[in-house]
Amino acid sequence: MENYSSRFDWHKAVDSTVSNALGKCYPRDWKDEDHLTRSLLSALRDEHSDVTIEKDKIIGKKSKCHWDIYKNTKEQGIEQKHGDIGVLVQLHFDESKILEGVAFLEAKRIYHDPIDDSKSKFGALDKSQLEKYCNNSSFHRTVLYDCLKTDNGYSAVSLTLPSRHLLTINKSNRDIYPYCEYFSYCLTNRYFQGYELDFNPDLVNAAKGFLGANGGVKYLIVAQTTLSPNLELNSELIEINRDVYTRLDSSEPDNTPTNSFGGMGM
């Protein structure tokens, strides 16, 4: 169990893990969003999955968050309707008042231009795909992976913004960054507090993998959070389809191809 004096301190720690995990993937393993997502989520789960915030909210009440990550074992047999990552959150207000909601994200990485880094872009953004995802969920987001050149080398970062915002801005380069926020902030200060979640039962069941071909995502974050510090949390007690999902094993090889995108650049 990790203890943080405030949610802001937790956010800083999570952001450091994000940067380190993505940084280890550059440049050799940067060519596959799935490898980046797997590496990032594994590191976050291993370092931050059982947390107590000593002073949270306006009145400084203690809160807890426990979460785990599952991968889809039947990815090729499902219809991709929501994106790469699902975030399933079970909110405990007290012993009898429980609410479940879900959020979805599509992951995209930067394609570095080897000659002029200012021309680097998110070359695999698919507007029609994002439109479909947005139509299926009101709170859909896109999460972006980048490794920026600095005076000391490179610094990895993950940013996010609502996919509707991205479609309206209609750009695929770093000009979208002023409209983004850190993925670490979205995770710790939005999703894990129950904000920007969709509480539609069909979407919740879809994320859990209970709607056949219409259910499931590549990676599912399953979280419990509470403002009642006396409650014990265990994300394994949340019902998901175990025929579809298995717990992500950090030590398991992911068989990442050496160059998934051919000549599109790093």
# chains A, B, ... in the order shown; residues from 1 in each chain; ligands from 1
$ residues_around --residues "A:Asn136" --least-positions-apart "5" --cutoff "9 Å" --atoms "only C-alpha atoms" --output "JSON, numbers by chain"
{"A": [81, 82, 131, 203]}
$ write_last_selection --atoms "all heavy atoms" --output "PDB file, in the first residue's frame"
ATOM      1  N   LYS A  81     -15.109  -1.411 -31.007  1.00  0.00           N
ATOM      2  CA  LYS A  81     -16.111  -0.346 -30.994  1.00  0.00           C
ATOM      3  C   LYS A  81     -15.740   0.813 -30.082  1.00  0.00           C
ATOM      4  O   LYS A  81     -16.420   1.836 -30.078  1.00  0.00           O
ATOM      5  CB  LYS A  81     -17.459  -0.922 -30.546  1.00  0.00           C
ATOM      6  CG  LYS A  81     -18.024  -1.989 -31.476  1.00  0.00           C
ATOM      7  CD  LYS A  81     -19.417  -2.404 -31.068  1.00  0.00           C
ATOM      8  CE  LYS A  81     -20.418  -1.284 -31.297  1.00  0.00           C
ATOM      9  NZ  LYS A  81     -21.812  -1.711 -31.047  1.00  0.00           N
ATOM     10  N   HIS A  82     -14.654   0.663 -29.283  1.00  0.00           N
ATOM     11  CA  HIS A  82     -14.390   1.672 -28.269  1.00  0.00           C
ATOM     12  C   HIS A  82     -12.931   2.119 -28.182  1.00  0.00           C
ATOM     13  O   HIS A  82     -12.650   3.109 -27.531  1.00  0.00           O
ATOM     14  CB  HIS A  82     -14.826   1.160 -26.901  1.00  0.00           C
ATOM     15  CG  HIS A  82     -16.281   0.817 -26.826  1.00  0.00           C
ATOM     16  ND1 HIS A  82     -17.279   1.771 -26.881  1.00  0.00           N
ATOM     17  CD2 HIS A  82     -16.909  -0.385 -26.725  1.00  0.00           C
ATOM     18  CE1 HIS A  82     -18.456   1.177 -26.797  1.00  0.00           C
ATOM     19  NE2 HIS A  82     -18.269  -0.118 -26.709  1.00  0.00           N
ATOM     20  N   GLU A 131     -14.520   9.061 -35.006  1.00  0.00           N
ATOM     21  CA  GLU A 131     -15.940   9.419 -35.087  1.00  0.00           C
ATOM     22  C   GLU A 131     -16.805   8.268 -34.596  1.00  0.00           C
ATOM     23  O   GLU A 131     -17.769   8.469 -33.846  1.00  0.00           O
ATOM     24  CB  GLU A 131     -16.312   9.777 -36.527  1.00  0.00           C
ATOM     25  CG  GLU A 131     -15.868  11.153 -36.981  1.00  0.00           C
ATOM     26  CD  GLU A 131     -16.772  12.268 -36.472  1.00  0.00           C
ATOM     27  OE1 GLU A 131     -17.709  11.978 -35.709  1.00  0.00           O
ATOM     28  OE2 GLU A 131     -16.521  13.426 -36.843  1.00  0.00           O
ATOM     29  N   LEU A 203     -22.760   0.053 -21.821  1.00  0.00           N
ATOM     30  CA  LEU A 203     -21.350   0.334 -22.022  1.00  0.00           C
ATOM     31  C   LEU A 203     -20.494  -0.306 -20.932  1.00  0.00           C
ATOM     32  O   LEU A 203     -19.395  -0.800 -21.199  1.00  0.00           O
ATOM     33  CB  LEU A 203     -21.115   1.849 -22.056  1.00  0.00           C
ATOM     34  CG  LEU A 203     -21.542   2.565 -23.331  1.00  0.00           C
ATOM     35  CD1 LEU A 203     -21.292   4.059 -23.196  1.00  0.00           C
ATOM     36  CD2 LEU A 203     -20.806   2.007 -24.537  1.00  0.00           C
TER      37      LEU A 203
END
$ select_by_dssp --residues "stretch 1-194 of chain A" --states "alpha helix (DSSP H)" --output "PyMOL selection string"
chain A and resi 7-23+33-48+127-136+163-169+183-185
$ closest_atom_pairs --of "stretch 89-143 of chain A" --to "stretch 152-159 of chain A" --cutoff "12 Å" --atoms "only C-alpha atoms" --output "CSV"
residue,atom,partner,partner_atom,distance
A:Leu105,CA,A:Leu159,CA,11.6
A:Glu106,CA,A:Leu159,CA,11.8
A:Ala107,CA,A:Ser158,CA,9.8
A:Lys108,CA,A:Ser158,CA,9.8
A:Arg109,CA,A:Ser158,CA,9.1
A:Ile110,CA,A:Ser158,CA,10.4
A:Asp117,CA,A:Tyr154,CA,11.9
A:Arg141,CA,A:Leu159,CA,10.3
A:Thr142,CA,A:Leu159,CA,8.5
A:Val143,CA,A:Leu159,CA,5.8
$ write_last_selection --atoms "N, CA, C and O atoms" --output "mmCIF file, in the first residue's frame"
data_model
loop_
_atom_site.group_PDB
_atom_site.id
_atom_site.type_symbol
_atom_site.label_atom_id
_atom_site.label_comp_id
_atom_site.auth_asym_id
_atom_site.auth_seq_id
_atom_site.Cartn_x
_atom_site.Cartn_y
_atom_site.Cartn_z
ATOM 1 N N LEU A 105 -10.386 4.874 -24.254
ATOM 2 C CA LEU A 105 -9.327 5.667 -24.878
ATOM 3 C C LEU A 105 -8.736 4.923 -26.068
ATOM 4 O O LEU A 105 -8.604 3.690 -26.045
ATOM 5 N N GLU A 106 -8.369 5.683 -27.077
ATOM 6 C CA GLU A 106 -7.623 5.164 -28.222
ATOM 7 C C GLU A 106 -6.195 5.684 -28.116
ATOM 8 O O GLU A 106 -5.969 6.885 -27.897
ATOM 9 N N ALA A 107 -5.199 4.788 -28.246
ATOM 10 C CA ALA A 107 -3.799 5.157 -28.075
ATOM 11 C C ALA A 107 -3.129 5.410 -29.423
ATOM 12 O O ALA A 107 -3.275 4.616 -30.364
ATOM 13 N N LYS A 108 -2.374 6.510 -29.503
ATOM 14 C CA LYS A 108 -1.629 6.839 -30.711
ATOM 15 C C LYS A 108 -0.242 7.361 -30.331
ATOM 16 O O LYS A 108 -0.104 8.132 -29.392
ATOM 17 N N ARG A 109 0.759 6.944 -31.117
ATOM 18 C CA ARG A 109 2.121 7.400 -30.835
ATOM 19 C C ARG A 109 2.594 8.342 -31.927
ATOM 20 O O ARG A 109 2.095 8.328 -33.067
ATOM 21 N N ILE A 110 3.588 9.148 -31.590
ATOM 22 C CA ILE A 110 4.164 10.076 -32.548
ATOM 23 C C ILE A 110 5.040 9.318 -33.548
ATOM 24 O O ILE A 110 5.692 8.338 -33.192
ATOM 25 N N ASP A 117 12.430 17.204 -36.764
ATOM 26 C CA ASP A 117 11.523 16.741 -35.710
ATOM 27 C C ASP A 117 10.271 17.605 -35.603
ATOM 28 O O ASP A 117 9.232 17.147 -35.131
ATOM 29 N N ARG A 141 -11.770 9.442 -25.208
ATOM 30 C CA ARG A 141 -10.549 10.227 -25.263
ATOM 31 C C ARG A 141 -9.523 9.540 -26.160
ATOM 32 O O ARG A 141 -9.589 8.341 -26.400
ATOM 33 N N THR A 142 -8.564 10.332 -26.610
ATOM 34 C CA THR A 142 -7.383 9.813 -27.300
ATOM 35 C C THR A 142 -6.180 10.077 -26.404
ATOM 36 O O THR A 142 -6.029 11.178 -25.870
ATOM 37 N N VAL A 143 -5.347 9.061 -26.219
ATOM 38 C CA VAL A 143 -4.131 9.212 -25.420
ATOM 39 C C VAL A 143 -2.941 9.177 -26.376
ATOM 40 O O VAL A 143 -2.880 8.348 -27.284
#
$ residues_around --residues "stretch 169-180 of chain A" --least-positions-apart "3" --cutoff "7 Å" --atoms "only C-alpha atoms" --output "PyMOL selection string"
chain A and resi 120-122+159-161+165-166
$ select_by_dssp --residues "stretch 206-254 of chain A" --states "strand (DSSP E or B)" --output "PyMOL selection string"
chain A and resi 219-226+245-247
$ closest_atom_pairs --of "stretch 34-71 of chain A" --to "stretch 228-236 of chain A" --cutoff "8 Å" --atoms "only C-alpha atoms" --output "JSON lines"
{"residue": "A:Lys62", "atom": "CA", "partner": "A:Pro229", "partner_atom": "CA", "distance": 6.0}
{"residue": "A:Ser63", "atom": "CA", "partner": "A:Pro229", "partner_atom": "CA", "distance": 5.6}
{"residue": "A:Lys64", "atom": "CA", "partner": "A:Pro229", "partner_atom": "CA", "distance": 6.4}
{"residue": "A:Cys65", "atom": "CA", "partner": "A:Leu233", "partner_atom": "CA", "distance": 7.6}
{"residue": "A:His66", "atom": "CA", "partner": "A:Ser235", "partner_atom": "CA", "distance": 6.4}
{"residue": "A:Trp67", "atom": "CA", "partner": "A:Ser235", "partner_atom": "CA", "distance": 5.7}
{"residue": "A:Asp68", "atom": "CA", "partner": "A:Ser235", "partner_atom": "CA", "distance": 6.6}
$ residues_around --residues "A:Ser19" --least-positions-apart "5" --cutoff "12 Å" --atoms "only C-alpha atoms" --output "PyMOL selection string"
chain A and resi 12-14+24-26+36+39-41+43-44+145-148+154-159+182-184
$ write_last_selection --atoms "C-alpha atoms" --output "PDB file, in the first residue's frame"
ATOM      1  CA  LYS A  12       3.386  13.582  -9.697  1.00  0.00           C
ATOM      2  CA  ALA A  13       4.525  10.049  -8.869  1.00  0.00           C
ATOM      3  CA  VAL A  14       2.321   8.523 -11.553  1.00  0.00           C
ATOM      4  CA  LYS A  24      12.549   2.895 -21.942  1.00  0.00           C
ATOM      5  CA  CYS A  25      10.730   2.093 -25.194  1.00  0.00           C
ATOM      6  CA  TYR A  26      12.542   4.727 -27.244  1.00  0.00           C
ATOM      7  CA  LEU A  36       3.873   1.177 -25.639  1.00  0.00           C
ATOM      8  CA  SER A  39       4.628  -1.262 -21.104  1.00  0.00           C
ATOM      9  CA  LEU A  40       2.971   1.844 -19.715  1.00  0.00           C
ATOM     10  CA  LEU A  41       0.026   0.088 -18.070  1.00  0.00           C
ATOM     11  CA  ALA A  43       4.529  -0.078 -14.992  1.00  0.00           C
ATOM     12  CA  LEU A  44       1.623   1.948 -13.611  1.00  0.00           C
ATOM     13  CA  TYR A 145       2.615   9.001 -26.692  1.00  0.00           C
ATOM     14  CA  ASP A 146       5.589  11.207 -27.538  1.00  0.00           C
ATOM     15  CA  CYS A 147       9.314  11.351 -26.931  1.00  0.00           C
ATOM     16  CA  LEU A 148      10.509  14.936 -27.155  1.00  0.00           C
ATOM     17  CA  TYR A 154      14.848  12.819 -24.926  1.00  0.00           C
ATOM     18  CA  SER A 155      11.915  13.097 -22.535  1.00  0.00           C
ATOM     19  CA  ALA A 156       8.889  10.822 -22.900  1.00  0.00           C
ATOM     20  CA  VAL A 157       5.380  12.085 -22.211  1.00  0.00           C
ATOM     21  CA  SER A 158       1.783  10.933 -22.477  1.00  0.00           C
ATOM     22  CA  LEU A 159      -0.978  13.472 -23.042  1.00  0.00           C
ATOM     23  CA  TYR A 182      -1.343  14.780 -18.813  1.00  0.00           C
ATOM     24  CA  PHE A 183      -2.625  11.211 -18.995  1.00  0.00           C
ATOM     25  CA  SER A 184      -1.418  10.777 -15.403  1.00  0.00           C
TER      26      SER A 184
END
$ residues_around --residues "A:Lys74" --least-positions-apart "5" --cutoff "9 Å" --atoms "only C-alpha atoms" --output "list in words"
Gly216, Lys218, Asp243, Val244 and Tyr245 of chain A
$ write_last_selection --atoms "N, CA and C atoms" --output "compact mmCIF listing (two decimals), in the first residue's frame"
# COMPACT_ATOMS: atom_id res chain seq x y z
N GLY A 216 -15.76 -5.84 -24.87
CA GLY A 216 -14.33 -5.98 -24.66
C GLY A 216 -13.49 -4.91 -25.32
N LYS A 218 -8.90 -4.02 -25.77
CA LYS A 218 -7.59 -4.68 -25.70
C LYS A 218 -7.10 -4.78 -24.27
N ASP A 243 -13.62 -15.33 -19.33
CA ASP A 243 -13.37 -16.05 -20.58
C ASP A 243 -12.76 -15.12 -21.62
N VAL A 244 -12.91 -13.83 -21.40
CA VAL A 244 -12.37 -12.83 -22.33
C VAL A 244 -11.09 -12.21 -21.80
N TYR A 245 -11.05 -11.96 -20.50
CA TYR A 245 -9.92 -11.23 -19.91
C TYR A 245 -9.07 -12.11 -19.01
$ residues_around --residues "A:Tyr70" --least-positions-apart "3" --cutoff "7 Å" --atoms "only C-alpha atoms" --output "JSON, numbers by chain"
{"A": [219, 220, 221, 245, 246, 247, 248]}
$ closest_residue --among "A:Asp249, A:Ile238, A:Pro201, A:Lys149" --to "A:Pro114" --atoms "only C-alpha atoms"
A:Lys149
$ decode --residues "stretch 74-121 of chain A" --atoms "N, CA and C atoms" --output "CSV table (one decimal), in the first residue's frame"
chain,number,residue,atom,x,y,z
A,74,LYS,N,-9.1,-12.6,-26.6
A,74,LYS,CA,-9.8,-12.9,-27.8
A,74,LYS,C,-10.0,-11.6,-28.7
A,75,GLU,N,-8.9,-10.9,-28.7
A,75,GLU,CA,-8.9,-9.6,-29.3
A,75,GLU,C,-9.3,-9.7,-30.8
A,76,GLN,N,-8.8,-10.7,-31.5
A,76,GLN,CA,-9.1,-10.9,-32.9
A,76,GLN,C,-10.6,-11.2,-33.2
A,77,GLY,N,-11.3,-11.7,-32.1
A,77,GLY,CA,-12.7,-12.1,-32.3
A,77,GLY,C,-13.7,-11.1,-31.9
A,78,ILE,N,-13.3,-9.9,-31.6
A,78,ILE,CA,-14.3,-8.9,-31.2
A,78,ILE,C,-14.3,-7.7,-32.2
A,79,GLU,N,-15.4,-7.1,-32.2
A,79,GLU,CA,-15.5,-5.9,-33.0
A,79,GLU,C,-15.0,-4.7,-32.2
A,80,GLN,N,-14.0,-4.0,-32.7
A,80,GLN,CA,-13.4,-2.8,-32.0
A,80,GLN,C,-14.4,-1.6,-32.1
A,81,LYS,N,-15.1,-1.4,-31.0
A,81,LYS,CA,-16.1,-0.3,-31.0
A,81,LYS,C,-15.7,0.8,-30.1
A,82,HIS,N,-14.7,0.7,-29.3
A,82,HIS,CA,-14.4,1.7,-28.3
A,82,HIS,C,-12.9,2.1,-28.2
A,83,GLY,N,-12.0,1.4,-28.8
A,83,GLY,CA,-10.6,1.8,-28.7
A,83,GLY,C,-9.8,0.8,-28.0
A,84,ASP,N,-8.5,1.2,-27.6
A,84,ASP,CA,-7.6,0.3,-27.1
A,84,ASP,C,-7.7,0.0,-25.6
A,85,ILE,N,-8.1,1.0,-24.8
A,85,ILE,CA,-8.1,1.0,-23.4
A,85,ILE,C,-9.5,1.3,-22.8
A,86,GLY,N,-9.9,0.4,-21.9
A,86,GLY,CA,-11.1,0.7,-21.1
A,86,GLY,C,-10.8,0.9,-19.7
A,87,VAL,N,-11.4,1.9,-19.0
A,87,VAL,CA,-11.2,2.1,-17.6
A,87,VAL,C,-12.5,1.9,-16.9
A,88,LEU,N,-12.6,0.8,-16.2
A,88,LEU,CA,-13.8,0.4,-15.4
A,88,LEU,C,-13.6,0.8,-14.0
A,89,VAL,N,-14.5,1.7,-13.4
A,89,VAL,CA,-14.3,2.2,-12.1
A,89,VAL,C,-15.5,1.9,-11.3
A,90,GLN,N,-15.3,1.3,-10.1
A,90,GLN,CA,-16.4,1.0,-9.2
A,90,GLN,C,-16.2,2.0,-8.0
A,91,LEU,N,-17.2,2.9,-7.8
A,91,LEU,CA,-17.1,3.9,-6.8
A,91,LEU,C,-17.9,3.4,-5.5
A,92,HIS,N,-17.2,3.5,-4.4
A,92,HIS,CA,-17.8,3.1,-3.1
A,92,HIS,C,-18.0,4.4,-2.3
A,93,PHE,N,-19.3,4.8,-2.2
A,93,PHE,CA,-19.6,5.9,-1.3
A,93,PHE,C,-19.8,5.5,0.1
A,94,ASP,N,-20.4,4.3,0.3
A,94,ASP,CA,-20.4,3.7,1.6
A,94,ASP,C,-20.6,2.2,1.3
A,95,GLU,N,-20.9,1.4,2.3
A,95,GLU,CA,-21.0,0.0,2.1
A,95,GLU,C,-22.2,-0.4,1.2
A,96,SER,N,-23.2,0.4,1.1
A,96,SER,CA,-24.4,0.0,0.3
A,96,SER,C,-24.6,0.9,-1.0
A,97,LYS,N,-23.8,1.9,-1.1
A,97,LYS,CA,-24.0,2.8,-2.2
A,97,LYS,C,-22.7,2.7,-3.2
A,98,ILE,N,-23.0,2.0,-4.3
A,98,ILE,CA,-21.9,1.6,-5.2
A,98,ILE,C,-22.3,2.0,-6.6
A,99,LEU,N,-21.4,2.6,-7.4
A,99,LEU,CA,-21.7,3.0,-8.7
A,99,LEU,C,-20.6,2.6,-9.6
A,100,GLU,N,-20.9,2.0,-10.8
A,100,GLU,CA,-19.9,1.6,-11.8
A,100,GLU,C,-20.0,2.5,-13.1
A,101,GLY,N,-18.9,2.9,-13.5
A,101,GLY,CA,-18.8,3.7,-14.8
A,101,GLY,C,-17.6,3.3,-15.6
A,102,VAL,N,-17.6,3.7,-16.8
A,102,VAL,CA,-16.5,3.3,-17.7
A,102,VAL,C,-16.1,4.5,-18.6
A,103,ALA,N,-14.8,4.4,-19.0
A,103,ALA,CA,-14.3,5.4,-20.0
A,103,ALA,C,-13.4,4.6,-21.0
A,104,PHE,N,-13.3,5.2,-22.2
A,104,PHE,CA,-12.6,4.5,-23.2
A,104,PHE,C,-11.5,5.4,-23.9
A,105,LEU,N,-10.4,4.9,-24.3
A,105,LEU,CA,-9.3,5.7,-24.9
A,105,LEU,C,-8.7,4.9,-26.1
A,106,GLU,N,-8.4,5.7,-27.1
A,106,GLU,CA,-7.6,5.2,-28.2
A,106,GLU,C,-6.2,5.7,-28.1
A,107,ALA,N,-5.2,4.8,-28.2
A,107,ALA,CA,-3.8,5.2,-28.1
A,107,ALA,C,-3.1,5.4,-29.4
A,108,LYS,N,-2.4,6.5,-29.5
A,108,LYS,CA,-1.6,6.8,-30.7
A,108,LYS,C,-0.2,7.4,-30.3
A,109,ARG,N,0.8,6.9,-31.1
A,109,ARG,CA,2.1,7.4,-30.8
A,109,ARG,C,2.6,8.3,-31.9
A,110,ILE,N,3.6,9.1,-31.6
A,110,ILE,CA,4.2,10.1,-32.5
A,110,ILE,C,5.0,9.3,-33.5
A,111,TYR,N,5.0,9.7,-34.8
A,111,TYR,CA,5.9,9.2,-35.8
A,111,TYR,C,7.0,10.3,-36.0
A,112,HIS,N,8.2,10.0,-35.5
A,112,HIS,CA,9.3,11.0,-35.6
A,112,HIS,C,9.8,11.2,-37.0
A,113,ASP,N,9.9,12.4,-37.4
A,113,ASP,CA,10.6,12.7,-38.7
A,113,ASP,C,12.1,12.7,-38.4
A,114,PRO,N,12.8,11.8,-39.0
A,114,PRO,CA,14.3,11.7,-38.7
A,114,PRO,C,15.1,12.9,-39.2
A,115,ILE,N,14.6,13.7,-40.1
A,115,ILE,CA,15.3,14.9,-40.6
A,115,ILE,C,14.9,16.1,-39.9
A,116,ASP,N,13.6,16.4,-39.7
A,116,ASP,CA,13.1,17.6,-39.1
A,116,ASP,C,12.0,17.2,-38.0
A,117,ASP,N,12.4,17.2,-36.8
A,117,ASP,CA,11.5,16.7,-35.7
A,117,ASP,C,10.3,17.6,-35.6
A,118,SER,N,10.4,18.9,-36.1
A,118,SER,CA,9.2,19.7,-36.0
A,118,SER,C,8.1,19.2,-36.9
A,119,LYS,N,8.4,18.3,-37.9
A,119,LYS,CA,7.4,17.7,-38.8
A,119,LYS,C,6.9,16.4,-38.3
A,120,SER,N,7.3,16.0,-37.1
A,120,SER,CA,6.8,14.7,-36.5
A,120,SER,C,5.3,14.8,-36.3
A,121,LYS,N,4.6,13.7,-36.5
A,121,LYS,CA,3.1,13.8,-36.4
A,121,LYS,C,2.6,12.4,-35.9
